[in-house]
Amino acid sequence: MGILLKDILAILPEGNEDVIRQTSIYIEGNRIVSVGREPEGFLADKVIDGKDRLAMPGLINCHTHSYMSFMRNVADDLSFMDWLFGTIDPIEQKMTDEDTYWGACLAIIEMMKSGTTCFNDMQMNIHQTTRAVKESGMRAVISRGLVGSGDDEGGQMRLRQAYEERDAAKDCDRLTFMLGPHAPYTCDDAYMRIVSEEAKKNNMRIHVHLSESVSEIGQIKEKYGCSPIEMADKNGLFDVPAIAAHCVQITESDMDILKKRNVSVVTNPASNMKLGNGFAPVPAMIEKGINVCLGTDGAASNNSLNMFHELNLLTLIHKGVNKTPQCISAKEGFKIATINGARALGLEKETGTIEEGKKADIAVLNLNNPSLMPTNNLIAGLSYSANGSEVDTVIIDGKVTMENRKILTMNEELVYKKVNEIITRLK
């Protein structure tokens with residue numbers, strides 16, 4: 001199918017900068033075949049008028065738990081460990097596979113409606129999130145959350161499930177897979193070594209929570225005599241490309257390890273603030289050359305999966321904490337939310353920018369919104385004034401999945417009905 005975004009303002013890479021130009025974008029199959037010049041023999045089955053519209057690469061949510069979306073607003077104003085083990089874990093123990101599926105559907109609707117075209121998910125019930133991704137047209141990277149001690153049967157079972165899910169989804173090239181050792185307080189050192197060897201053997205990346213809270217730091221220091229990041233490094237998790245979520249409570253030496261080992265860090269400002277865990281030292285990490293990307297975490301702790309909200313926080317809180325308005329500029333924030341995320345996922349050659357040859361993962365914003373008027377500096381507008389409701393149309397893998405704010409690939413009303421039934425039962 002040929003899609004033409006005709007005479008549209010677009011955010012395009014130009015050297016190391018992003019610029020806004022009026023152009024036309026030509027899509028054939030699942031790829032952008034040209035920007036600005038009509039390819040010979042191109043036939044447009046669908047033309048999207050670019051008047052008063054802005055095309056941008058879809059946002060990339062680099063850390064979330066999609067199944068948690070029906071837990072929104074059920075575990076608030078709690079300390080991290082009380083939130084996790086006192087409220088969330090008991091709900092998770094009662095969940096069925098179908099609960100996970102409907103939770104993932106709700107999450108995908110929310111993300112798509114706010115311009116996200118790819119997300120990196122850690123989940124529990126295999127096949128359900130991938131099922132939702134396949135049906136919705138979304139792009140995703142999936143990790144089966146891994147918890148274990150040494151070679152205990154539970155840990156081995158979860159590894160088998162991770163491979164089973166990966167192998168069952170080979171028919172969908174919008175899905176890729178990582179191994180997801182949950183955290184140092186749920187995976188002991190022996191199990192970490194097992195997971196790292198499996199990752200190397202299977203050429204898979206690692207997705208892990210690290211240094212999220214003060215209590216985690218104390219617990220790991222007492223048990224292993226080092227920081228969570230040092231523990232992960234000693235046990236091989238960084239022997240393959242890795243994504244470390246949070247990294248709030250980290251030292252200079254921790255950052256040196258992350259840089260040396262080429263670990264990408266996912267900052268999750270809303271979740272970290274809400275759980276009272278603090279602020280990740282993002283400016284210092286960027287200064288060291290660490291690849292920083294952006295995520296929402298799950299709706300149980302954020303309580304939103306809106307990446308525009310996260311981008312707004314990212315580009316504001318560090319200015320206040322560091323007392324300098326030059327800290328994390330709007331342009332830096334935009335890269336963190338797009339191409340940096342693609343790089344962390346190993347997808348930088350496929351998505352993250354609007355360029356010829358890349359997958360057509362594009363969000364189209366309606367500029368006729370008060371939040372973006374007047375159209376002075378639209379990249380700044382994405383960070384400081386947009387809220388996600390401006391997203392009008394979404395294209396993922398060359399397919400229109402939302403148009404005029406209507407999801408075309410999922411039944412929204414049915415999803416809302418199902419998640420309300422689930423939370424009523426689980427309460």
# chains A, B, ... in the order shown; residues from 1 in each chain; ligands from 1

call {"tool": "residues_around", "arguments": {"residues": "A:Glu98", "least_positions_apart": "6", "cutoff": "10 Å", "atoms": "only C-alpha atoms", "output": "compact mmCIF listing (two decimals) with all heavy atoms, in the first residue's frame"}}
result
# COMPACT_ATOMS: atom_id res chain seq x y z
N ALA A 104 -2.74 -5.18 28.44
CA ALA A 104 -1.85 -4.76 27.35
C ALA A 104 -2.62 -4.00 26.28
O ALA A 104 -2.12 -3.02 25.72
CB ALA A 104 -1.16 -5.98 26.75
N ASN A 125 2.93 -12.88 31.91
CA ASN A 125 2.12 -13.96 31.35
C ASN A 125 2.40 -14.07 29.86
O ASN A 125 1.96 -13.22 29.07
CB ASN A 125 0.63 -13.71 31.59
CG ASN A 125 0.30 -13.65 33.07
OD1 ASN A 125 0.88 -12.87 33.81
ND2 ASN A 125 -0.62 -14.48 33.51
N GLN A 128 0.44 -13.15 25.91
CA GLN A 128 -0.70 -12.24 25.98
C GLN A 128 -0.35 -10.84 25.47
O GLN A 128 -1.11 -10.24 24.70
CB GLN A 128 -1.23 -12.18 27.41
CG GLN A 128 -1.63 -13.52 27.97
CD GLN A 128 -2.53 -14.30 27.03
OE1 GLN A 128 -3.51 -13.77 26.51
NE2 GLN A 128 -2.20 -15.57 26.79
N THR A 129 0.80 -10.31 25.87
CA THR A 129 1.21 -9.01 25.36
C THR A 129 1.53 -9.11 23.88
O THR A 129 1.16 -8.23 23.09
CB THR A 129 2.42 -8.46 26.13
OG1 THR A 129 2.08 -8.40 27.53
CG2 THR A 129 2.79 -7.07 25.65
N LYS A 418 -13.78 -4.54 29.52
CA LYS A 418 -13.07 -5.69 30.06
C LYS A 418 -12.17 -5.31 31.24
O LYS A 418 -12.12 -6.02 32.25
CB LYS A 418 -12.25 -6.37 28.97
CG LYS A 418 -13.07 -7.10 27.92
CD LYS A 418 -13.74 -8.32 28.52
CE LYS A 418 -14.46 -9.14 27.44
NZ LYS A 418 -15.12 -10.33 28.03
N ILE A 422 -12.21 -6.61 35.13
CA ILE A 422 -11.04 -7.25 35.76
C ILE A 422 -10.75 -6.64 37.12
O ILE A 422 -10.59 -7.35 38.12
CB ILE A 422 -9.80 -7.12 34.84
CG1 ILE A 422 -9.96 -8.00 33.61
CG2 ILE A 422 -8.53 -7.49 35.61
CD1 ILE A 422 -8.94 -7.68 32.51

call {"tool": "select_by_dssp", "arguments": {"residues": "stretch 282-400 of chain A", "states": "alpha helix (DSSP H)", "output": "MDAnalysis selection string"}}
result
chainID A and resid 282:288 307:322 330:337 339:344 378:384

call {"tool": "atom_distance", "arguments": {"atom1": "atom CA of A:Ile32", "atom2": "atom CA of A:Asp49"}}
result
16.9 Å

call {"tool": "residues_around", "arguments": {"residues": "stretch 246-252 of chain A", "least_positions_apart": "5", "cutoff": "6 Å", "atoms": "only C-alpha atoms", "output": "PyMOL selection string"}}
result
chain A and resi 210-212+266-267+279-280

call {"tool": "write_last_selection", "arguments": {"atoms": "C-alpha atoms", "output": "PDB file, in the first residue's frame"}}
result
ATOM      1  CA  LEU A 210      18.715  -1.201  38.643  1.00  0.00           C
ATOM      2  CA  SER A 211      19.350   1.212  41.521  1.00  0.00           C
ATOM      3  CA  GLU A 212      15.754   2.393  41.726  1.00  0.00           C
ATOM      4  CA  VAL A 266      16.015   4.469  30.779  1.00  0.00           C
ATOM      5  CA  THR A 267      14.936   7.365  32.950  1.00  0.00           C
ATOM      6  CA  PHE A 279      15.754  12.047  40.443  1.00  0.00           C
ATOM      7  CA  ALA A 280      18.160  10.157  38.203  1.00  0.00           C
TER       8      ALA A 280
END

call {"tool": "residues_around", "arguments": {"residues": "A:Ile257", "least_positions_apart": "5", "cutoff": "10 Å", "atoms": "only C-alpha atoms", "output": "compact mmCIF listing (two decimals) with C-alpha atoms, in the first residue's frame"}}
result
# COMPACT_ATOMS: atom_id res chain seq x y z
CA ILE A 229 25.13 -1.77 39.14
CA GLU A 230 28.41 -3.29 40.35
CA ASP A 233 28.38 -5.99 36.03
CA PHE A 238 26.54 -6.10 30.78
CA THR A 251 27.38 7.01 42.13
CA GLU A 252 30.11 8.39 39.90
CA ASN A 262 27.82 0.77 26.82
CA VAL A 263 24.69 0.29 28.94
CA ILE A 290 25.84 7.35 28.36

call {"tool": "closest_atom_pairs", "arguments": {"of": "stretch 49-114 of chain A", "to": "stretch 13-30 of chain A", "cutoff": "10 Å", "atoms": "only C-alpha atoms", "output": "Markdown table"}}
result
| residue | atom | partner | partner_atom | distance |
| --- | --- | --- | --- | --- |
| A:Asp49 | CA | A:Ser24 | CA | 9.7 |
| A:Gly50 | CA | A:Ser24 | CA | 8.2 |
| A:Leu54 | CA | A:Ile20 | CA | 8.9 |
| A:Ala55 | CA | A:Ile25 | CA | 9.1 |
| A:Met56 | CA | A:Ile20 | CA | 9.4 |

call {"tool": "residues_around", "arguments": {"residues": "A:Gly115", "least_positions_apart": "2", "cutoff": "10 Å", "atoms": "only C-alpha atoms", "output": "compact mmCIF listing (two decimals) with C-alpha atoms, in the first residue's frame"}}
result
# COMPACT_ATOMS: atom_id res chain seq x y z
CA MET A 56 7.31 13.36 13.77
CA PRO A 57 8.95 10.01 14.39
CA GLY A 58 6.82 7.99 16.78
CA LEU A 59 7.85 8.19 20.43
CA ILE A 60 9.64 5.15 21.89
CA GLU A 110 -3.18 4.88 25.56
CA MET A 111 0.30 4.85 24.05
CA MET A 112 -0.94 5.00 20.48
CA LYS A 113 -3.28 7.90 21.26
CA THR A 117 4.78 3.68 18.12
CA CYS A 118 7.17 1.31 19.94
CA ASN A 306 1.77 9.27 27.96
CA MET A 307 5.30 9.93 26.70
CA PHE A 308 4.56 13.64 26.15
CA ASP A 361 6.60 4.73 12.28
CA ILE A 362 5.14 8.25 12.31
CA ALA A 363 2.88 10.30 14.56
CA VAL A 364 0.96 13.16 12.92
CA LEU A 365 -0.07 16.06 15.16
CA GLY A 388 -0.45 14.15 23.59
CA SER A 389 -4.04 14.98 22.70
CA GLU A 390 -2.68 16.77 19.61
CA VAL A 391 -1.80 13.40 18.04
CA ASP A 392 -4.31 12.96 15.24
CA THR A 393 -3.00 10.07 13.12
CA VAL A 394 -0.51 7.27 13.77
CA ILE A 395 1.29 5.12 11.21
CA MET A 402 -5.18 5.59 14.25

call {"tool": "atom_distance", "arguments": {"atom1": "atom CA of A:Met255", "atom2": "atom CA of A:Pro281"}}
result
9.5 Å

call {"tool": "closest_atom_pairs", "arguments": {"of": "stretch 218-325 of chain A", "to": "stretch 197-205 of chain A", "cutoff": "8 Å", "atoms": "only C-alpha atoms", "output": "tab-separated table"}}
result
residue	atom	partner	partner_atom	distance
A:Gly236	CA	A:Glu197	CA	7.6
A:Asp239	CA	A:Lys200	CA	7.5
A:Val240	CA	A:Arg205	CA	5.9
A:Pro241	CA	A:Arg205	CA	5.2
A:Ala242	CA	A:Arg205	CA	5.6
A:Ile243	CA	A:Arg205	CA	7.9

call {"tool": "residues_around", "arguments": {"residues": "A:Lys349", "least_positions_apart": "6", "cutoff": "10 Å", "atoms": "only C-alpha atoms", "output": "PyMOL selection string"}}
result
chain A and resi 339+342-343+355+357-359

call {"tool": "atom_distance", "arguments": {"atom1": "atom CA of A:Ala245", "atom2": "atom CA of A:Lys323"}}
result
25.0 Å

call {"tool": "residues_around", "arguments": {"residues": "A:Ala300", "least_positions_apart": "6", "cutoff": "12 Å", "atoms": "only C-alpha atoms", "output": "list of chain:residue names"}}
result
A:Thr64, A:His65, A:Ser66, A:Tyr67, A:Met68, A:Ser69, A:Phe70, A:Met71, A:Arg72, A:Asn73, A:Val74, A:Ala75, A:Asp76, A:Asp77, A:Leu78, A:Phe80, A:Trp83, A:Leu84, A:Thr87, A:Ile88, A:Asp89, A:Ile91, A:Glu92, A:Gly103, A:Ala107, A:Ala270, A:Ser271, A:Lys274, A:Leu275

call {"tool": "closest_residue", "arguments": {"among": "A:Gly398, A:Val35, A:Val321, A:Asn368", "to": "A:Leu12", "atoms": "only C-alpha atoms"}}
result
A:Val35

call {"tool": "select_by_dssp", "arguments": {"residues": "stretch 315-423 of chain A", "states": "strand (DSSP E or B)", "output": "PyMOL selection string"}}
result
chain A and resi 359+362-366+391-396+399-403+406-407

call {"tool": "closest_residue", "arguments": {"among": "A:His63, A:Met178, A:Asp52, A:Ser213", "to": "A:Leu372", "atoms": "only C-alpha atoms"}}
result
A:Asp52
